[in-house]
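Content type PDB, N, CA and C atoms, from the file structure-v5.pdb:
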```
MODEL        1
ATOM      1  N   MET T 279       0.837  -1.176   0.000
ATOM      2  CA  MET T 279       0.000   0.000   0.000
ATOM      3  C   MET T 279       0.876   1.231   0.000
ATOM      4  N   LYS T 280       0.607   2.110  -0.936
ATOM      5  CA  LYS T 280       1.409   3.325  -1.007
ATOM      6  C   LYS T 280       0.663   4.483  -0.377
ATOM      7  N   ASP T 281       1.423   5.423   0.095
ATOM      8  CA  ASP T 281       0.891   6.625   0.702
ATOM      9  C   ASP T 281       0.427   7.560  -0.410
ATOM     10  N   VAL T 282      -0.797   8.045  -0.328
ATOM     11  CA  VAL T 282      -1.349   8.945  -1.334
ATOM     12  C   VAL T 282      -0.900  10.363  -1.010
ATOM     13  N   LYS T 283      -0.392  11.061  -1.992
ATOM     14  CA  LYS T 283       0.087  12.422  -1.798
ATOM     15  C   LYS T 283      -1.068  13.419  -1.891
ATOM     16  N   ALA T 284      -1.037  14.414  -1.050
ATOM     17  CA  ALA T 284      -2.091  15.425  -1.025
ATOM     18  C   ALA T 284      -2.110  16.213  -2.328
ATOM     19  N   LYS T 285      -0.953  16.421  -2.924
ATOM     20  CA  LYS T 285      -0.885  17.175  -4.180
ATOM     21  C   LYS T 285      -1.651  16.444  -5.281
ATOM     22  N   GLU T 286      -1.536  15.114  -5.322
ATOM     23  CA  GLU T 286      -2.267  14.327  -6.315
ATOM     24  C   GLU T 286      -3.766  14.397  -6.058
ATOM     25  N   LEU T 287      -4.155  14.398  -4.789
ATOM     26  CA  LEU T 287      -5.574  14.410  -4.453
ATOM     27  C   LEU T 287      -6.223  15.748  -4.755
ATOM     28  N   ARG T 288      -5.480  16.825  -4.618
ATOM     29  CA  ARG T 288      -6.054  18.152  -4.870
ATOM     30  C   ARG T 288      -6.391  18.358  -6.347
ATOM     31  N   ASP T 289      -5.818  17.557  -7.226
ATOM     32  CA  ASP T 289      -6.117  17.665  -8.655
ATOM     33  C   ASP T 289      -7.433  16.980  -9.022
ATOM     34  N   LEU T 290      -7.989  16.182  -8.105
ATOM     35  CA  LEU T 290      -9.218  15.442  -8.377
ATOM     36  C   LEU T 290     -10.437  16.263  -7.975
ATOM     37  N   SER T 291     -11.590  15.923  -8.577
ATOM     38  CA  SER T 291     -12.838  16.597  -8.218
ATOM     39  C   SER T 291     -13.431  15.919  -6.976
ATOM     40  N   VAL T 292     -14.455  16.532  -6.409
ATOM     41  CA  VAL T 292     -15.074  16.000  -5.197
ATOM     42  C   VAL T 292     -15.700  14.615  -5.435
ATOM     43  N   PRO T 293     -16.440  14.395  -6.547
ATOM     44  CA  PRO T 293     -16.974  13.039  -6.768
ATOM     45  C   PRO T 293     -15.878  11.976  -6.930
ATOM     46  N   GLU T 294     -14.775  12.354  -7.569
ATOM     47  CA  GLU T 294     -13.664  11.404  -7.706
ATOM     48  C   GLU T 294     -13.042  11.109  -6.342
ATOM     49  N   LEU T 295     -12.939  12.132  -5.507
ATOM     50  CA  LEU T 295     -12.391  11.939  -4.167
ATOM     51  C   LEU T 295     -13.307  11.053  -3.326
ATOM     52  N   GLU T 296     -14.618  11.241  -3.480
ATOM     53  CA  GLU T 296     -15.555  10.407  -2.729
ATOM     54  C   GLU T 296     -15.478   8.954  -3.181
ATOM     55  N   GLY T 297     -15.249   8.732  -4.470
ATOM     56  CA  GLY T 297     -15.057   7.366  -4.963
ATOM     57  C   GLY T 297     -13.784   6.755  -4.417
ATOM     58  N   LYS T 298     -12.722   7.541  -4.379
ATOM     59  CA  LYS T 298     -11.452   7.078  -3.827
ATOM     60  C   LYS T 298     -11.592   6.795  -2.336
ATOM     61  N   LEU T 299     -12.377   7.614  -1.645
ATOM     62  CA  LEU T 299     -12.629   7.406  -0.221
ATOM     63  C   LEU T 299     -13.355   6.079   0.013
ATOM     64  N   ALA T 300     -14.333   5.788  -0.813
ATOM     65  CA  ALA T 300     -15.058   4.524  -0.683
ATOM     66  C   ALA T 300     -14.121   3.338  -0.918
ATOM     67  N   GLN T 301     -13.224   3.468  -1.882
ATOM     68  CA  GLN T 301     -12.259   2.395  -2.147
ATOM     69  C   GLN T 301     -11.327   2.185  -0.966
ATOM     70  N   GLU T 302     -10.840   3.272  -0.385
ATOM     71  CA  GLU T 302      -9.929   3.172   0.760
ATOM     72  C   GLU T 302     -10.629   2.566   1.969
ATOM     73  N   ARG T 303     -11.880   2.965   2.195
ATOM     74  CA  ARG T 303     -12.621   2.404   3.334
ATOM     75  C   ARG T 303     -12.880   0.914   3.145
ATOM     76  N   ALA T 304     -13.191   0.505   1.910
ATOM     77  CA  ALA T 304     -13.396  -0.916   1.641
ATOM     78  C   ALA T 304     -12.095  -1.691   1.822
ATOM     79  N   ALA T 305     -10.997  -1.116   1.381
ATOM     80  CA  ALA T 305      -9.703  -1.771   1.530
ATOM     81  C   ALA T 305      -9.305  -1.869   2.999
ATOM     82  N   LEU T 306      -9.626  -0.840   3.788
ATOM     83  CA  LEU T 306      -9.337  -0.884   5.223
ATOM     84  C   LEU T 306     -10.170  -1.967   5.896
ATOM     85  N   PHE T 307     -11.431  -2.077   5.522
ATOM     86  CA  PHE T 307     -12.294  -3.117   6.073
ATOM     87  C   PHE T 307     -11.736  -4.500   5.771
ATOM     88  N   LYS T 308     -11.308  -4.700   4.515
ATOM     89  CA  LYS T 308     -10.745  -5.992   4.119
ATOM     90  C   LYS T 308      -9.447  -6.275   4.876
ATOM     91  N   ALA T 309      -8.612  -5.257   5.045
ATOM     92  CA  ALA T 309      -7.354  -5.441   5.758
ATOM     93  C   ALA T 309      -7.598  -5.781   7.229
ATOM     94  N   ARG T 310      -8.590  -5.139   7.844
ATOM     95  CA  ARG T 310      -8.903  -5.446   9.236
ATOM     96  C   ARG T 310      -9.459  -6.854   9.374
ATOM     97  N   ARG T 311     -10.266  -7.266   8.394
ATOM     98  CA  ARG T 311     -10.789  -8.630   8.407
ATOM     99  C   ARG T 311      -9.652  -9.637   8.261
ATOM    100  N   ASP T 312      -8.727  -9.344   7.354
ATOM    101  CA  ASP T 312      -7.589 -10.238   7.159
ATOM    102  C   ASP T 312      -6.709 -10.302   8.398
ATOM    103  N   LEU T 313      -6.617  -9.196   9.125
ATOM    104  CA  LEU T 313      -5.839  -9.181  10.358
ATOM    105  C   LEU T 313      -6.447 -10.120  11.399
ATOM    106  N   VAL T 314      -7.763 -10.086  11.512
ATOM    107  CA  VAL T 314      -8.446 -10.956  12.467
ATOM    108  C   VAL T 314      -8.282 -12.421  12.068
ATOM    109  N   LEU T 315      -8.321 -12.689  10.778
ATOM    110  CA  LEU T 315      -8.191 -14.065  10.288
ATOM    111  C   LEU T 315      -6.735 -14.497  10.153
ATOM    112  N   ARG T 316      -5.815 -13.638  10.585
ATOM    113  CA  ARG T 316      -4.377 -13.896  10.546
ATOM    114  C   ARG T 316      -3.858 -14.162   9.135
ATOM    115  N   GLN T 317      -4.424 -13.455   8.164
ATOM    116  CA  GLN T 317      -3.968 -13.554   6.781
ATOM    117  C   GLN T 317      -3.152 -12.330   6.372
ATOM    118  N   LEU T 318      -3.128 -11.327   7.228
ATOM    119  CA  LEU T 318      -2.422 -10.089   6.931
ATOM    120  C   LEU T 318      -1.028 -10.148   7.540
ATOM    121  N   THR T 319      -0.022  -9.921   6.714
ATOM    122  CA  THR T 319       1.348  -9.946   7.217
ATOM    123  C   THR T 319       1.912  -8.539   7.381
ATOM    124  N   ASP T 320       1.417  -7.581   6.591
ATOM    125  CA  ASP T 320       1.908  -6.207   6.643
ATOM    126  C   ASP T 320       0.938  -5.353   7.462
ATOM    127  N   THR T 321       1.146  -5.298   8.763
ATOM    128  CA  THR T 321       0.222  -4.556   9.620
ATOM    129  C   THR T 321       0.372  -3.049   9.479
ATOM    130  N   SER T 322       1.460  -2.581   8.914
ATOM    131  CA  SER T 322       1.634  -1.139   8.738
ATOM    132  C   SER T 322       0.670  -0.581   7.691
ATOM    133  N   SER T 323       0.113  -1.450   6.859
ATOM    134  CA  SER T 323      -0.823  -0.967   5.840
ATOM    135  C   SER T 323      -2.105  -0.430   6.473
ATOM    136  N   LEU T 324      -2.436  -0.886   7.680
ATOM    137  CA  LEU T 324      -3.629  -0.373   8.356
ATOM    138  C   LEU T 324      -3.484   1.111   8.665
ATOM    139  N   SER T 325      -2.347   1.501   9.211
ATOM    140  CA  SER T 325      -2.162   2.915   9.538
ATOM    141  C   SER T 325      -2.036   3.762   8.280
ATOM    142  N   VAL T 326      -1.434   3.225   7.233
ATOM    143  CA  VAL T 326      -1.319   3.969   5.972
ATOM    144  C   VAL T 326      -2.707   4.214   5.399
ATOM    145  N   ARG T 327      -3.558   3.213   5.443
ATOM    146  CA  ARG T 327      -4.920   3.377   4.923
ATOM    147  C   ARG T 327      -5.703   4.390   5.751
ATOM    148  N   ARG T 328      -5.551   4.353   7.077
ATOM    149  CA  ARG T 328      -6.250   5.324   7.929
ATOM    150  C   ARG T 328      -5.767   6.742   7.630
ATOM    151  N   HIS T 329      -4.487   6.908   7.423
ATOM    152  CA  HIS T 329      -3.944   8.229   7.091
ATOM    153  C   HIS T 329      -4.454   8.697   5.730
ATOM    154  N   ASN T 330      -4.538   7.778   4.774
ATOM    155  CA  ASN T 330      -5.063   8.133   3.450
ATOM    156  C   ASN T 330      -6.510   8.584   3.547
ATOM    157  N   ILE T 331      -7.305   7.876   4.354
ATOM    158  CA  ILE T 331      -8.711   8.247   4.528
ATOM    159  C   ILE T 331      -8.808   9.639   5.139
ATOM    160  N   ALA T 332      -8.017   9.909   6.156
ATOM    161  CA  ALA T 332      -8.033  11.226   6.787
ATOM    162  C   ALA T 332      -7.605  12.305   5.807
ATOM    163  N   ARG T 333      -6.601  12.023   5.006
ATOM    164  CA  ARG T 333      -6.111  12.989   4.019
ATOM    165  C   ARG T 333      -7.198  13.292   2.991
ATOM    166  N   ILE T 334      -7.895  12.266   2.519
ATOM    167  CA  ILE T 334      -8.959  12.457   1.531
ATOM    168  C   ILE T 334     -10.101  13.262   2.136
ATOM    169  N   LEU T 335     -10.491  12.937   3.370
ATOM    170  CA  LEU T 335     -11.570  13.682   4.027
ATOM    171  C   LEU T 335     -11.210  15.151   4.213
ATOM    172  N   THR T 336      -9.959  15.423   4.538
ATOM    173  CA  THR T 336      -9.509  16.800   4.714
ATOM    174  C   THR T 336      -9.616  17.574   3.406
ATOM    175  N   ILE T 337      -9.187  16.965   2.321
ATOM    176  CA  ILE T 337      -9.220  17.658   1.028
ATOM    177  C   ILE T 337     -10.648  17.840   0.537
ATOM    178  N   ILE T 338     -11.522  16.857   0.808
ATOM    179  CA  ILE T 338     -12.933  17.009   0.440
ATOM    180  C   ILE T 338     -13.536  18.197   1.181
ATOM    181  N   SER T 339     -13.263  18.302   2.475
ATOM    182  CA  SER T 339     -13.823  19.421   3.241
ATOM    183  C   SER T 339     -13.245  20.760   2.783
ATOM    184  N   GLU T 340     -11.963  20.781   2.410
ATOM    185  CA  GLU T 340     -11.375  22.015   1.884
ATOM    186  C   GLU T 340     -12.072  22.439   0.597
ATOM    187  N   LYS T 341     -12.317  21.487  -0.287
ATOM    188  CA  LYS T 341     -12.942  21.813  -1.571
ATOM    189  C   LYS T 341     -14.379  22.267  -1.379
ATOM    190  N   LYS T 342     -15.106  21.650  -0.425
ATOM    191  CA  LYS T 342     -16.495  22.041  -0.204
ATOM    192  C   LYS T 342     -16.586  23.424   0.413
ATOM    193  N   ARG T 343     -15.597  23.811   1.206
ATOM    194  CA  ARG T 343     -15.567  25.152   1.790
ATOM    195  C   ARG T 343     -15.099  26.180   0.788
ATOM    196  N   GLY T 344     -14.416  25.744  -0.236
ATOM    197  CA  GLY T 344     -13.899  26.672  -1.235
ATOM    198  C   GLY T 344     -12.471  27.096  -0.966
ATOM    199  N   THR T 345     -11.832  26.500   0.007
ATOM    200  CA  THR T 345     -10.438  26.819   0.333
ATOM    201  C   THR T 345      -9.544  25.858  -0.409
ATOM    202  N   ASN T 346      -8.715  26.359  -1.285
ATOM    203  CA  ASN T 346      -7.783  25.483  -2.018
ATOM    204  C   ASN T 346      -6.450  25.723  -1.521
TER
ENDMDL
END
```

Would you encode the structure as structure tokens?
Amino acid sequence: MKDVKAKELRDLSVPELEGKLAQERAALFKARRDLVLRQLTDTSSLSVRRHNIARILTIISEKKRGTN
């Protein structure tokens, strides 16, 4: 799992960001499920996904407020 850069996210529109947010949340859910089932070996991906979700939410709120 790679860290998503804020600069890349700011180039996207709000609907695209919301789609990316849904993908990240689904991936986090799957990773947490795999962790419980002991199928996940890279536990650092959980924190990376949480940070990506927070980053996307921050940029969505900035765009909705009109602050770029």

The PyMOL selection byres (((chain T and resi 283 and name CA) around 12) and name CA) on the file shown: which residues, as a compact mmCIF listing (two decimals) with N, CA and C atoms, in the coordinates of the input?
```
# COMPACT_ATOMS: atom_id res chain seq x y z
N LYS T 280 0.61 2.11 -0.94
CA LYS T 280 1.41 3.32 -1.01
C LYS T 280 0.66 4.48 -0.38
N ASP T 281 1.42 5.42 0.10
CA ASP T 281 0.89 6.62 0.70
C ASP T 281 0.43 7.56 -0.41
N VAL T 282 -0.80 8.04 -0.33
CA VAL T 282 -1.35 8.94 -1.33
C VAL T 282 -0.90 10.36 -1.01
N ALA T 284 -1.04 14.41 -1.05
CA ALA T 284 -2.09 15.42 -1.02
C ALA T 284 -2.11 16.21 -2.33
N LYS T 285 -0.95 16.42 -2.92
CA LYS T 285 -0.88 17.18 -4.18
C LYS T 285 -1.65 16.44 -5.28
N GLU T 286 -1.54 15.11 -5.32
CA GLU T 286 -2.27 14.33 -6.32
C GLU T 286 -3.77 14.40 -6.06
N LEU T 287 -4.16 14.40 -4.79
CA LEU T 287 -5.57 14.41 -4.45
C LEU T 287 -6.22 15.75 -4.76
N ARG T 288 -5.48 16.82 -4.62
CA ARG T 288 -6.05 18.15 -4.87
C ARG T 288 -6.39 18.36 -6.35
N ASP T 289 -5.82 17.56 -7.23
CA ASP T 289 -6.12 17.66 -8.65
C ASP T 289 -7.43 16.98 -9.02
N LEU T 290 -7.99 16.18 -8.10
CA LEU T 290 -9.22 15.44 -8.38
C LEU T 290 -10.44 16.26 -7.98
N VAL T 326 -1.43 3.22 7.23
CA VAL T 326 -1.32 3.97 5.97
C VAL T 326 -2.71 4.21 5.40
N HIS T 329 -4.49 6.91 7.42
CA HIS T 329 -3.94 8.23 7.09
C HIS T 329 -4.45 8.70 5.73
N ASN T 330 -4.54 7.78 4.77
CA ASN T 330 -5.06 8.13 3.45
C ASN T 330 -6.51 8.58 3.55
N ILE T 331 -7.30 7.88 4.35
CA ILE T 331 -8.71 8.25 4.53
C ILE T 331 -8.81 9.64 5.14
N ALA T 332 -8.02 9.91 6.16
CA ALA T 332 -8.03 11.23 6.79
C ALA T 332 -7.60 12.30 5.81
N ARG T 333 -6.60 12.02 5.01
CA ARG T 333 -6.11 12.99 4.02
C ARG T 333 -7.20 13.29 2.99
N ILE T 334 -7.90 12.27 2.52
CA ILE T 334 -8.96 12.46 1.53
C ILE T 334 -10.10 13.26 2.14
N ILE T 337 -9.19 16.96 2.32
CA ILE T 337 -9.22 17.66 1.03
C ILE T 337 -10.65 17.84 0.54
```

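Put simply, CA of Asp320 in chain T is 27.5 Å away from CA of Glu294 in chain T.
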
Residues near Leu324 in chain T, cut-off 8 Å, only C-alpha atoms, skip fewer than 5 positions along chain, as a PyMOL selection string: chain T and resi 306+309-310

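In this structure, atom N of Val292 in chain T sits 8.2 Å away from atom N of Lys341 in chain T.
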
Can you list every residue in range 280-341 of chain T that DSSP puts in alpha helix (DSSP H), as a PyMOL selection string? chain T and resi 284-288+292-314+322-341

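Atom C of Asp312 in chain T is positioned 23.7 Å from CA of Gly297 in chain T.
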
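Nearest residue to Phe307 in chain T, choosing from T:Ser339, T:Arg327, T:Leu295, T:Thr321 and counting only C-alpha atoms: T:Arg327.
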
Option closest in space to Ser323 in chain T, from T:Thr336, T:Lys308, T:Ala300, T:Arg343 [counting only C-alpha atoms]: T:Lys308
